[in-house]
Amino acid sequence: MSPLYQILESVGLLAFALSGGLVAARKELDIIGFAVLALMPAVGGGTMRDLILGVPVFWISDTRPIWITAIAVLLAYYGERHLVSRHKVIIWADALGLSLFAVAGAHKAFTITGDPLIAIIMGMTTGVAGGMIRDIIANEMPLVLNPEVYATAAFGSAAAYAVLAYTSLPVLWVASIAFLFGFIVRGCAIIWGLSLPRRKR
């Protein structure tokens with residue numbers, strides 16, 4: 001596994017796990033509930049990606065994600081009461097994890113298959129699937145189904161990576177630009193409530 005992928009994955013894991021832990025705090029769950037809702041966004045999307053690609057599931061071959069998730073659980077469980085706005089932290093942590101995981105998923109899929117279309121699809125899957133599982137378990141409307149731009153941001157990060165991978169830019173620059181693109185798109189959607197046109201009868 002490349003150092004770049006490890007960095008992207010680790011930061012994304014922490015962000016997504018924190019978002020899940022804070023959802024658990026909002027639901028006033030016990031520590032096990034925190035662990036479940038933190039683990040789902042942290043490993044759900046990556047697990048689906050690896051199963052589809054037919055490669056070893058990342059958190060089974062390397063237990064680092066479990067330990068990162070455990071740290072996030074403790075931070076959320078003992079630290080959430082000190083937050084001014086739990087909702088804002090959840091939304092922005094999710095945005096960070098979404099963009100990072102989209103790039104990490106695209107990077108891994110492109111490295112394995114060399115196919116940009118597969119990289120984009122797997123990047124989106126890695127970014128959105130875990131959060132969907134978290135929200136469904138928490139009995140909340142999945143963010144991906146909200147009117148605000150969400151999956152489009154994951155698509156933007158993954159697509160930017162797939163395009164830039166063919167340039168002569170260093171891989172760190174490719175990943176950074178792709179991440180920033182998706183994060184800015186999602187951030188603008190959060191701040192200004194941007195959404196795609198909806199079909200009406």
# chains A, B, ... in the order shown; residues from 1 in each chain; ligands from 1

call {"tool": "residues_around", "arguments": {"residues": "Thr111 of chain A", "least_positions_apart": "4", "cutoff": "12 Å", "atoms": "only C-alpha atoms", "output": "ChimeraX atom specification"}}
result
/A:1-2,5,53,103-107,115-116,118-119,122,161-162,165,171

call {"tool": "write_last_selection", "arguments": {"atoms": "N, CA, C and O atoms", "output": "PDB file, in the first residue's frame"}}
result
ATOM      1  N   MET A   1       0.844  -1.192   0.000  1.00  0.00           N
ATOM      2  CA  MET A   1       0.000   0.000   0.000  1.00  0.00           C
ATOM      3  C   MET A   1       0.880   1.242   0.000  1.00  0.00           C
ATOM      4  O   MET A   1       1.823   1.331   0.784  1.00  0.00           O
ATOM      5  N   SER A   2       0.572   2.203  -0.871  1.00  0.00           N
ATOM      6  CA  SER A   2       1.403   3.392  -0.981  1.00  0.00           C
ATOM      7  C   SER A   2       1.228   4.289   0.240  1.00  0.00           C
ATOM      8  O   SER A   2       0.150   4.323   0.854  1.00  0.00           O
ATOM      9  N   TYR A   5      -1.809   6.551  -0.063  1.00  0.00           N
ATOM     10  CA  TYR A   5      -3.094   5.925   0.220  1.00  0.00           C
ATOM     11  C   TYR A   5      -3.296   5.788   1.736  1.00  0.00           C
ATOM     12  O   TYR A   5      -4.392   5.996   2.246  1.00  0.00           O
ATOM     13  N   LEU A  53     -13.945  -5.229  -6.054  1.00  0.00           N
ATOM     14  CA  LEU A  53     -12.686  -5.345  -6.785  1.00  0.00           C
ATOM     15  C   LEU A  53     -12.039  -6.721  -6.624  1.00  0.00           C
ATOM     16  O   LEU A  53     -11.111  -7.064  -7.354  1.00  0.00           O
ATOM     17  N   VAL A 103     -11.182  10.080  -3.090  1.00  0.00           N
ATOM     18  CA  VAL A 103      -9.856  10.077  -3.709  1.00  0.00           C
ATOM     19  C   VAL A 103      -9.126   8.768  -3.404  1.00  0.00           C
ATOM     20  O   VAL A 103      -8.521   8.156  -4.292  1.00  0.00           O
ATOM     21  N   ALA A 104      -9.188   8.331  -2.146  1.00  0.00           N
ATOM     22  CA  ALA A 104      -8.504   7.088  -1.767  1.00  0.00           C
ATOM     23  C   ALA A 104      -9.070   5.901  -2.541  1.00  0.00           C
ATOM     24  O   ALA A 104      -8.319   5.036  -3.016  1.00  0.00           O
ATOM     25  N   GLY A 105     -10.402   5.851  -2.685  1.00  0.00           N
ATOM     26  CA  GLY A 105     -11.025   4.763  -3.432  1.00  0.00           C
ATOM     27  C   GLY A 105     -10.665   4.793  -4.895  1.00  0.00           C
ATOM     28  O   GLY A 105     -10.379   3.751  -5.504  1.00  0.00           O
ATOM     29  N   ALA A 106     -10.654   5.999  -5.484  1.00  0.00           N
ATOM     30  CA  ALA A 106     -10.278   6.133  -6.886  1.00  0.00           C
ATOM     31  C   ALA A 106      -8.811   5.738  -7.093  1.00  0.00           C
ATOM     32  O   ALA A 106      -8.473   5.058  -8.075  1.00  0.00           O
ATOM     33  N   HIS A 107      -7.964   6.165  -6.170  1.00  0.00           N
ATOM     34  CA  HIS A 107      -6.529   5.842  -6.252  1.00  0.00           C
ATOM     35  C   HIS A 107      -6.301   4.335  -6.205  1.00  0.00           C
ATOM     36  O   HIS A 107      -5.561   3.771  -7.016  1.00  0.00           O
ATOM     37  N   ASP A 115      -8.245   1.493 -15.008  1.00  0.00           N
ATOM     38  CA  ASP A 115      -9.422   1.952 -15.750  1.00  0.00           C
ATOM     39  C   ASP A 115     -10.008   3.191 -15.061  1.00  0.00           C
ATOM     40  O   ASP A 115     -10.444   3.108 -13.900  1.00  0.00           O
ATOM     41  N   PRO A 116     -10.050   4.346 -15.734  1.00  0.00           N
ATOM     42  CA  PRO A 116     -10.543   5.562 -15.087  1.00  0.00           C
ATOM     43  C   PRO A 116     -12.019   5.497 -14.702  1.00  0.00           C
ATOM     44  O   PRO A 116     -12.419   6.059 -13.675  1.00  0.00           O
ATOM     45  N   ILE A 118     -13.751   2.779 -13.793  1.00  0.00           N
ATOM     46  CA  ILE A 118     -13.832   1.975 -12.570  1.00  0.00           C
ATOM     47  C   ILE A 118     -13.330   2.784 -11.380  1.00  0.00           C
ATOM     48  O   ILE A 118     -13.891   2.705 -10.279  1.00  0.00           O
ATOM     49  N   ALA A 119     -12.282   3.579 -11.585  1.00  0.00           N
ATOM     50  CA  ALA A 119     -11.740   4.412 -10.509  1.00  0.00           C
ATOM     51  C   ALA A 119     -12.794   5.403 -10.012  1.00  0.00           C
ATOM     52  O   ALA A 119     -12.955   5.598  -8.800  1.00  0.00           O
ATOM     53  N   MET A 122     -15.651   3.401  -8.134  1.00  0.00           N
ATOM     54  CA  MET A 122     -15.188   2.914  -6.838  1.00  0.00           C
ATOM     55  C   MET A 122     -14.863   4.057  -5.882  1.00  0.00           C
ATOM     56  O   MET A 122     -15.023   3.929  -4.664  1.00  0.00           O
ATOM     57  N   TYR A 161      -9.439  12.965  -9.838  1.00  0.00           N
ATOM     58  CA  TYR A 161      -8.289  12.072  -9.694  1.00  0.00           C
ATOM     59  C   TYR A 161      -8.064  11.264 -10.971  1.00  0.00           C
ATOM     60  O   TYR A 161      -6.931  11.150 -11.447  1.00  0.00           O
ATOM     61  N   ALA A 162      -9.134  10.719 -11.523  1.00  0.00           N
ATOM     62  CA  ALA A 162      -9.014   9.880 -12.723  1.00  0.00           C
ATOM     63  C   ALA A 162      -8.453  10.654 -13.904  1.00  0.00           C
ATOM     64  O   ALA A 162      -7.658  10.119 -14.687  1.00  0.00           O
ATOM     65  N   ALA A 165      -4.674  11.747 -13.091  1.00  0.00           N
ATOM     66  CA  ALA A 165      -3.737  10.611 -13.036  1.00  0.00           C
ATOM     67  C   ALA A 165      -2.992  10.433 -14.350  1.00  0.00           C
ATOM     68  O   ALA A 165      -1.918   9.818 -14.387  1.00  0.00           O
ATOM     69  N   VAL A 171       1.929  12.347  -7.854  1.00  0.00           N
ATOM     70  CA  VAL A 171       0.701  11.733  -7.338  1.00  0.00           C
ATOM     71  C   VAL A 171       0.159  12.488  -6.126  1.00  0.00           C
ATOM     72  O   VAL A 171      -1.058  12.567  -5.921  1.00  0.00           O
TER      73      VAL A 171
END

call {"tool": "residues_around", "arguments": {"residues": "Ser61 of chain A", "least_positions_apart": "4", "cutoff": "12 Å", "atoms": "only C-alpha atoms", "output": "compact mmCIF listing (two decimals) with C-alpha atoms, in the first residue's frame"}}
result
# COMPACT_ATOMS: atom_id res chain seq x y z
CA MET A 1 0.00 0.00 0.00
CA THR A 47 -15.37 -2.86 2.42
CA ASP A 50 -12.72 -4.18 -1.92
CA VAL A 55 -9.08 -7.79 -3.22
CA PRO A 56 -8.51 -8.42 0.51
CA VAL A 57 -10.77 -6.21 2.63
CA PRO A 65 -8.56 1.29 10.70
CA ILE A 66 -10.06 -0.44 13.75

call {"tool": "residues_around", "arguments": {"residues": "Ile90 of chain A", "least_positions_apart": "4", "cutoff": "7 Å", "atoms": "only C-alpha atoms", "output": "PyMOL selection string"}}
result
chain A and resi 19+22+86+94

call {"tool": "closest_residue", "arguments": {"among": "A:Pro147, A:Gly127, A:Gly45, A:Gly20", "to": "Leu194 of chain A", "atoms": "only C-alpha atoms"}}
result
A:Pro147

call {"tool": "select_by_dssp", "arguments": {"residues": "segment 86-185 of chain A", "states": "alpha helix (DSSP H)", "output": "JSON, numbers by chain"}}
result
{"A": [86, 87, 88, 89, 90, 91, 92, 93, 94, 95, 96, 97, 98, 99, 100, 101, 102, 103, 104, 105, 106, 107, 108, 109, 110, 111, 112, 113, 116, 117, 118, 119, 120, 121, 122, 123, 124, 125, 126, 127, 128, 129, 130, 131, 132, 133, 134, 135, 136, 137, 151, 152, 153, 154, 155, 156, 157, 158, 159, 160, 161, 162, 163, 164, 171, 172, 173, 174, 175, 176, 177, 178, 179, 180, 181, 182, 183, 184, 185]}

call {"tool": "closest_residue", "arguments": {"among": "A:Leu83, A:Ala138, A:Leu75, A:Val11", "to": "Leu37 of chain A", "atoms": "only C-alpha atoms"}}
result
A:Ala138

call {"tool": "atom_distance", "arguments": {"atom1": "atom CA of Arg64 of chain A", "atom2": "atom CA of Gly187 of chain A"}}
result
28.4 Å

call {"tool": "closest_residue", "arguments": {"among": "A:Ala25, A:Ile32, A:Val128, A:Cys188", "to": "Gly44 of chain A", "atoms": "only C-alpha atoms"}}
result
A:Val128

call {"tool": "residues_around", "arguments": {"residues": "Ala72 of chain A", "least_positions_apart": "6", "cutoff": "8 Å", "atoms": "only C-alpha atoms", "output": "PyMOL selection string"}}
result
chain A and resi 14+17-18+21+38

call {"tool": "atom_distance", "arguments": {"atom1": "atom CA of Ala159 of chain A", "atom2": "atom CA of Ala129 of chain A"}}
result
17.1 Å

call {"tool": "residues_around", "arguments": {"residues": "Asn139 of chain A", "least_positions_apart": "4", "cutoff": "12 Å", "atoms": "only C-alpha atoms", "output": "ChimeraX atom specification"}}
result
/A:23-24,27,37,132-135,143

call {"tool": "write_last_selection", "arguments": {"atoms": "C-alpha atoms", "output": "PDB file, in the first residue's frame"}}
result
ATOM      1  CA  VAL A  23     -24.486  10.882  15.432  1.00  0.00           C
ATOM      2  CA  ALA A  24     -24.484   8.319  18.242  1.00  0.00           C
ATOM      3  CA  LYS A  27     -29.085   9.667  19.625  1.00  0.00           C
ATOM      4  CA  LEU A  37     -22.116   4.096  14.236  1.00  0.00           C
ATOM      5  CA  MET A 132     -25.452   5.701   3.944  1.00  0.00           C
ATOM      6  CA  ILE A 133     -25.096   2.656   6.197  1.00  0.00           C
ATOM      7  CA  ARG A 134     -24.497   4.915   9.235  1.00  0.00           C
ATOM      8  CA  ASP A 135     -27.600   7.004   8.558  1.00  0.00           C
ATOM      9  CA  LEU A 143     -27.188  12.517   3.381  1.00  0.00           C
TER      10      LEU A 143
END

call {"tool": "atom_distance", "arguments": {"atom1": "atom CA of Met48 of chain A", "atom2": "atom CA of Ile7 of chain A"}}
result
20.0 Å
